[in-house]
Amino acid sequence: MSETTADGGAASAATAGKTEAQLRKEKEREEKKKAKLAKFEEKKKAQAEKAAATGSSEKKTEKKSKKPAKEQEVIEYTANTAPGEKKDVLNVIPSSYSPQYVEKAWYSWWEKEGFFKPEYRHPGMAPRRGKFVIPIPPPNVTGSLHLGHALTNAIEDCLVRWHRMRGDETLWNPGCDHAGIATQVVVEKKLKRERNMTRHDVGREEFVKEVWKWKNEKGDRIYNQQKAMGCALDWDRACFTMDPKLSTAVKETFVRLHDDGTIYRSKRLVNWSTRLKSAIADIEVDKVELPGRTLLSVPGYEQKIEFGVLVSFAYHIHGEGEEGEIVVATTRVETMLGDTAVAVHPKDERYKHLHGKSVWHPFRKCAIPIVCDDFVEMDFGTGAVKITPAHDPNDYDVGHRHNLPFLTMLTDDGLISDICEEFKGMPRFKARYSVLDALKKEGLYRETKDHPMVVPVCSRSKDIVEPLIKPQWFCKCDQMASDAVNVVKSGELRIVPKMHEKTWFAWLENSRDWCISRQLWWGHRIPAYFVTFKDESKPKGEDTDGTYWVSGRSEEEARQRAAKKFDVAEVDVILSQDEDVLDTWFSSAIFPFSIFGWPEKTSDLEAFYPNSLLETGHDILFFWVARMVFFGTKLMGKLPFPEVYLHAMVRDAHGRKMSKSLGNVIDPLDVINGITLEGLHDQLRAGNLDPKEVERAIKGQKEDYPNGIPECGTDALRFALCAYTAQGRDINLDVNRVVGYRHFCNKMWNAAKFAQMSLGEDFKPAAEECLSGNESHMDKWILSRLAYAVDEVNSGFEKYEFPTATTACYNFWLYELCDVYLEAIKPVIFSSDEVAKSASRNVLYTCLDNGLRLLAPFMPFVTEELFQRLPKRSENVPPSICVCPFPEKMSYRDEAVEADIQFVQRVVHAIRSMKTEYLTPKDRPQVFVTCSTDEVAATTRTYNSQICVLGGAKELAVLQGVAAPTGCTMLSISDKIQVHMMIKVPEKVRQANTAKLEQTKQEVTAIETAIAALKLID
């Protein structure tokens, strides 16, 4: 069959069964397709001719190449304003927004005037409502703040400013945490790098001096960062957790809790860092999940160490005439050196014949028992488990249940102890391979296979954490934890978002006693003393025994207590203070009341405890928040706060956790002031990172910030952080979003400049904020939108829904005030109608004044700058926007006017869309609006002039029952209104539109016919 015949057959098949109308439509579509193709060819030909005329296509490409982005103009404040003096705002407002100009000089003036102190009052402030007290989560004094801290500061500061403006007696108490382990590690690295010395080389006293020196340098930097962030903190009340006032509170807490038995000494299993030679808190242990066999770098070892494998080996059954073996498996084969039993399930039939028998330890050359315990999972592995009570939490419990020996097979620095001579002194992970080889030689090795596991890594030293038994101080938590659960269940303590209650209950209902000892030199030395006697005939205790320990607020008090306890003379008592320090969280747990001078009954303690709110990250809900609830209730008899708001975690734009080794830990000052890529690299090189990590971090910075970070300013950063803070979600912070909010600041700036010009130099706002009765529809609309924004912002603050508040501010300023109202009133402002001008000017002033106050908690600097340039209603207005009354519920809401303007905006949008497609922005076309109802026609006529102004139309005609003239393009808004715009339509386009209209009519007719037919069938 020929091709022609084949095609013809296909065509016949395709057309078979089609109606005449369908064939006609297909023909029309084909003709349109050909016309479009011809038009495309003509366009290509024209472009080729143009390229030839201008030289070459390369030149054309050069002409069309994208211009580099215009750099932001930097304007600096150069007036000679002394620190603490008010900024000069009498000069001409700069041409554009510049953070360096706007943020200069204000903070020192706020601080000097005492605006941030709860005692500050002014006649123009809002009436006193109540109190709002919030302690800052004290940042670690280990360096500088990062964007996670910036989020905390932004949220807390906007809450504090909102409450102050509403009339609450407000206190935000600053402070810094001594951060025991973190600070000691940093200073030890610094000593090694600068002087090639360890802390043991310089001694405890000298080392502590070095840490204080570090604290004084870095503590100031942290406070300066917070001031740059605009934080409204009462600096006269600033506290450091090692200050004498707080140290006194720590001693008092320990002594009271030791006296009532809440704190006790015991030998228990703890998280041990062999690198730090200290117990560490659970929060300082990173749980690294491994899917199977993985080689990890471990400090102190040249070769990577194997993890994520399960090694199976056998123990021979011991006893005269006994034969056979029992196979066990472990992920830490070296710990078998400390095995003191093998456990099986009592109901496991496979091992019932071994109940009460023993196995032979091949290296310690001794028998260890086979015990029966319900914790064994019969269907896991062989159903037999090796028990190492001194090195595993589960085995620890088994050891106590069966009264097994607790053999420590590791020294404090991670070497094999003298428990087994063959491996004595060997580093633990070298012993891992040696033990494996020895098992193979003994014929006891069975297999090694991949096994998912979680490896505990010290967040400070990156060392592998070991469970070790140590004599430590512990704090009983059972009753305090139970009380903390009950106050949340009863509603006495509210946790926001509510989803975190589940975590609260899970942790506290399964809480263990808290190990509060740390083997460090930096921190609160434990005020406990071991007692011995000059009289050697007196019985001697052991330091693991709490009986021979006394506590005291001073050594003198401890001596008196010891003498009384043991019924001896004070001169016969010998005291040795514990070398350890308290866990950093111990002093943090009493922060809400220690900062006010407890245990002294100070006026601040009486006035500001309990606090009103605790705001922090959800990652420390248990480690800090719960413990504050523990100690506040225990020592003060009251909850430290009735509400806890937990914000999300800040991650980078890719959703990764902030990590110095990734190069994505950003100093907020670098976002505020801007920084080059090389500047970011220099910061990494000056830090404490390992050279390999520096290289990796630099690579990450090149990918994320190829051009560095542009200057965004404090206000944009704060606003972005709050806008991102949706409850329950982590924040993937993209710096480009912050740049976008800087543009928003510029939009506000330009609006204020226009307003300043529109109001005129002699403008004096009405003494009271009220309507004159001469307001236009647009005036009423913008006031209604202002009232809506006020409701939304206050609601957002009340519910801790910060994006609700920021969105309301953003939409009001950008989309309603700037994009609509300011454009709509331009003809009024430049008209000769003085009554209308006066009304619009007062409305504009009301919007600016209230709009700035709405934004002030989020953007303190730019709102202060613009507020100071506004005329004031009276002399009674407070000197700073930060102490002005916050806008409350307004009576301006008019939903009918809002509906009208929403309709107007739809018409305007249609006009702008058609102008974009067919005309230039400068064109002022004629517009015809066809209306099918009197109501729609009346509304369109009412807003005729506003539609023309906002849509850029020359004139607008409302048509009813009359078609729009030819030569128009059209957009349908609804079935009741169509917008037509007169344009010079090319003949081809006009014909295409006519054909399209004809086709639409035919389709409508066909649908109507089909509907009629269906009705007949029914």
# chains A, B, ... in the order shown; residues from 1 in each chain; ligands from 1
call {"tool": "select_by_dssp", "arguments": {"residues": "range 531-695 of chain A", "states": "strand (DSSP E)", "output": "ChimeraX atom specification"}}
result
/A:531-533,549-551,573-577,581-582,614-617,643-647,650-651
call {"tool": "residues_around", "arguments": {"residues": "Leu439 in chain A", "least_positions_apart": "6", "cutoff": "10 Å", "atoms": "only C-alpha atoms", "output": "list in words"}}
result
Phe313, Ala314, Val333, Pro362, Phe363, Tyr433, Tyr445 and Arg446 of chain A
call {"tool": "write_last_selection", "arguments": {"atoms": "C-alpha atoms", "output": "PDB file, in the first residue's frame"}}
result
ATOM      1  CA  PHE A 313      30.866 -14.831  70.253  1.00  0.00           C
ATOM      2  CA  ALA A 314      30.480 -17.824  72.552  1.00  0.00           C
ATOM      3  CA  VAL A 333      32.844  -6.244  71.993  1.00  0.00           C
ATOM      4  CA  PRO A 362      38.155 -16.654  78.763  1.00  0.00           C
ATOM      5  CA  PHE A 363      40.268 -13.617  79.688  1.00  0.00           C
ATOM      6  CA  TYR A 433      40.174  -5.053  67.725  1.00  0.00           C
ATOM      7  CA  TYR A 445      34.291 -15.835  67.597  1.00  0.00           C
ATOM      8  CA  ARG A 446      31.157 -16.635  65.585  1.00  0.00           C
TER       9      ARG A 446
END
call {"tool": "select_by_dssp", "arguments": {"residues": "range 856-931 of chain A", "states": "alpha helix (DSSP H)", "output": "PyMOL selection string"}}
result
chain A and resi 860-868+895-918
call {"tool": "write_last_selection", "arguments": {"atoms": "C-alpha atoms", "output": "PDB file, in the first residue's frame"}}
result
ATOM      1  CA  PRO A 860      11.971  49.601  66.574  1.00  0.00           C
ATOM      2  CA  PHE A 861      14.536  51.662  64.666  1.00  0.00           C
ATOM      3  CA  VAL A 862      12.770  52.691  61.467  1.00  0.00           C
ATOM      4  CA  THR A 863       9.501  53.299  63.318  1.00  0.00           C
ATOM      5  CA  GLU A 864      11.271  55.540  65.844  1.00  0.00           C
ATOM      6  CA  GLU A 865      12.977  57.491  63.063  1.00  0.00           C
ATOM      7  CA  LEU A 866       9.709  58.110  61.202  1.00  0.00           C
ATOM      8  CA  PHE A 867       7.653  58.688  64.355  1.00  0.00           C
ATOM      9  CA  GLN A 868      10.012  61.442  65.461  1.00  0.00           C
ATOM     10  CA  GLU A 895     -17.315  46.020  55.952  1.00  0.00           C
ATOM     11  CA  ALA A 896     -19.686  47.554  53.370  1.00  0.00           C
ATOM     12  CA  VAL A 897     -17.040  50.055  52.256  1.00  0.00           C
ATOM     13  CA  GLU A 898     -14.441  47.259  52.260  1.00  0.00           C
ATOM     14  CA  ALA A 899     -16.668  45.205  49.944  1.00  0.00           C
ATOM     15  CA  ASP A 900     -17.006  48.201  47.614  1.00  0.00           C
ATOM     16  CA  ILE A 901     -13.268  48.782  47.443  1.00  0.00           C
ATOM     17  CA  GLN A 902     -12.667  45.095  46.910  1.00  0.00           C
ATOM     18  CA  PHE A 903     -14.947  45.393  43.892  1.00  0.00           C
ATOM     19  CA  VAL A 904     -13.062  48.544  42.762  1.00  0.00           C
ATOM     20  CA  GLN A 905      -9.750  46.675  43.017  1.00  0.00           C
ATOM     21  CA  ARG A 906     -11.059  43.886  40.796  1.00  0.00           C
ATOM     22  CA  VAL A 907     -12.024  46.438  38.141  1.00  0.00           C
ATOM     23  CA  VAL A 908      -8.664  48.182  38.504  1.00  0.00           C
ATOM     24  CA  HIS A 909      -6.857  44.861  38.211  1.00  0.00           C
ATOM     25  CA  ALA A 910      -8.721  44.126  34.959  1.00  0.00           C
ATOM     26  CA  ILE A 911      -7.756  47.517  33.519  1.00  0.00           C
ATOM     27  CA  ARG A 912      -4.108  47.094  34.519  1.00  0.00           C
ATOM     28  CA  SER A 913      -3.991  43.581  33.064  1.00  0.00           C
ATOM     29  CA  MET A 914      -5.292  44.775  29.697  1.00  0.00           C
ATOM     30  CA  LYS A 915      -2.931  47.755  29.722  1.00  0.00           C
ATOM     31  CA  THR A 916      -0.010  45.423  30.375  1.00  0.00           C
ATOM     32  CA  GLU A 917      -0.986  43.279  27.404  1.00  0.00           C
ATOM     33  CA  TYR A 918      -1.934  45.932  24.861  1.00  0.00           C
TER      34      TYR A 918
END
call {"tool": "closest_atom_pairs", "arguments": {"of": "range 216-299 of chain A", "to": "range 157-167 of chain A", "cutoff": "10 Å", "atoms": "only C-alpha atoms", "output": "JSON lines"}}
result
{"residue": "A:Met229", "atom": "CA", "partner": "A:Asp157", "partner_atom": "CA", "distance": 9.2}
{"residue": "A:Gly230", "atom": "CA", "partner": "A:Asp157", "partner_atom": "CA", "distance": 8.0}
{"residue": "A:Cys231", "atom": "CA", "partner": "A:Asp157", "partner_atom": "CA", "distance": 5.6}
{"residue": "A:Ala232", "atom": "CA", "partner": "A:Asp157", "partner_atom": "CA", "distance": 6.2}
{"residue": "A:Leu233", "atom": "CA", "partner": "A:Asp157", "partner_atom": "CA", "distance": 8.2}
call {"tool": "atom_distance", "arguments": {"atom1": "CA of Thr584 in chain A", "atom2": "CA of Phe596 in chain A"}}
result
18.9 Å
call {"tool": "closest_residue", "arguments": {"among": "A:Lys86, A:Lys462, A:Arg869, A:His258", "to": "Ser297 in chain A", "atoms": "only C-alpha atoms"}}
result
A:Lys462
call {"tool": "closest_atom_pairs", "arguments": {"of": "range 688-744 of chain A", "to": "range 665-681 of chain A", "cutoff": "8 Å", "atoms": "only C-alpha atoms", "output": "CSV"}}
result
residue,atom,partner,partner_atom,distance
A:Ile698,CA,A:His681,CA,6.0
A:Gln701,CA,A:Leu677,CA,7.4
A:Lys702,CA,A:Leu677,CA,7.2
A:Tyr705,CA,A:Leu677,CA,6.6
A:Pro706,CA,A:Leu677,CA,6.6
A:Asn707,CA,A:Leu677,CA,6.0
A:Gly708,CA,A:Leu677,CA,4.1
A:Ile709,CA,A:Gly674,CA,5.1
A:Pro710,CA,A:Gly674,CA,4.6
A:Glu711,CA,A:Gly674,CA,3.8
A:Cys712,CA,A:Ile672,CA,5.1
A:Gly713,CA,A:Ile672,CA,4.1
A:Thr714,CA,A:Ile672,CA,5.2
A:Leu717,CA,A:Ile672,CA,6.9
A:Val735,CA,A:Val671,CA,7.8
call {"tool": "closest_residue", "arguments": {"among": "A:Lys764, A:His647, A:Arg525, A:Lys104", "to": "Tyr724 in chain A", "atoms": "only C-alpha atoms"}}
result
A:His647
call {"tool": "closest_residue", "arguments": {"among": "A:Ala558, A:Leu855, A:Ala1012, A:Ala179", "to": "Ala716 in chain A", "atoms": "only C-alpha atoms"}}
result
A:Leu855
call {"tool": "residues_around", "arguments": {"residues": "Val820 in chain A", "least_positions_apart": "4", "cutoff": "12 Å", "atoms": "only C-alpha atoms", "output": "PyMOL selection string"}}
result
chain A and resi 751+778-779+781-782+785+811-816+824-826+901-902+904-905+908-909+946-947+949-951
call {"tool": "write_last_selection", "arguments": {"atoms": "C-alpha atoms", "output": "PDB file, in the first residue's frame"}}
result
ATOM      1  CA  ALA A 751       5.444  56.455  51.961  1.00  0.00           C
ATOM      2  CA  MET A 778     -11.401  55.905  50.401  1.00  0.00           C
ATOM      3  CA  ASP A 779     -10.729  57.583  53.748  1.00  0.00           C
ATOM      4  CA  TRP A 781     -11.870  52.293  53.672  1.00  0.00           C
ATOM      5  CA  ILE A 782      -8.275  52.810  54.817  1.00  0.00           C
ATOM      6  CA  ARG A 785      -8.381  48.348  57.062  1.00  0.00           C
ATOM      7  CA  ASN A 811      -0.416  43.997  54.078  1.00  0.00           C
ATOM      8  CA  PHE A 812      -1.657  47.239  55.608  1.00  0.00           C
ATOM      9  CA  TRP A 813       1.481  49.196  54.799  1.00  0.00           C
ATOM     10  CA  LEU A 814       2.355  47.725  51.432  1.00  0.00           C
ATOM     11  CA  TYR A 815      -0.854  46.641  49.718  1.00  0.00           C
ATOM     12  CA  GLU A 816      -3.387  48.988  51.283  1.00  0.00           C
ATOM     13  CA  ALA A 824      -6.093  57.313  45.444  1.00  0.00           C
ATOM     14  CA  ILE A 825      -5.697  60.536  47.469  1.00  0.00           C
ATOM     15  CA  LYS A 826      -3.090  62.179  45.251  1.00  0.00           C
ATOM     16  CA  ILE A 901     -13.268  48.782  47.443  1.00  0.00           C
ATOM     17  CA  GLN A 902     -12.667  45.095  46.910  1.00  0.00           C
ATOM     18  CA  VAL A 904     -13.062  48.544  42.762  1.00  0.00           C
ATOM     19  CA  GLN A 905      -9.750  46.675  43.017  1.00  0.00           C
ATOM     20  CA  VAL A 908      -8.664  48.182  38.504  1.00  0.00           C
ATOM     21  CA  HIS A 909      -6.857  44.861  38.211  1.00  0.00           C
ATOM     22  CA  GLN A 946     -10.938  56.258  42.077  1.00  0.00           C
ATOM     23  CA  ILE A 947     -11.008  53.541  39.415  1.00  0.00           C
ATOM     24  CA  VAL A 949      -6.804  57.085  39.218  1.00  0.00           C
ATOM     25  CA  LEU A 950      -5.816  53.598  40.357  1.00  0.00           C
ATOM     26  CA  GLY A 951      -6.233  51.989  36.931  1.00  0.00           C
TER      27      GLY A 951
END
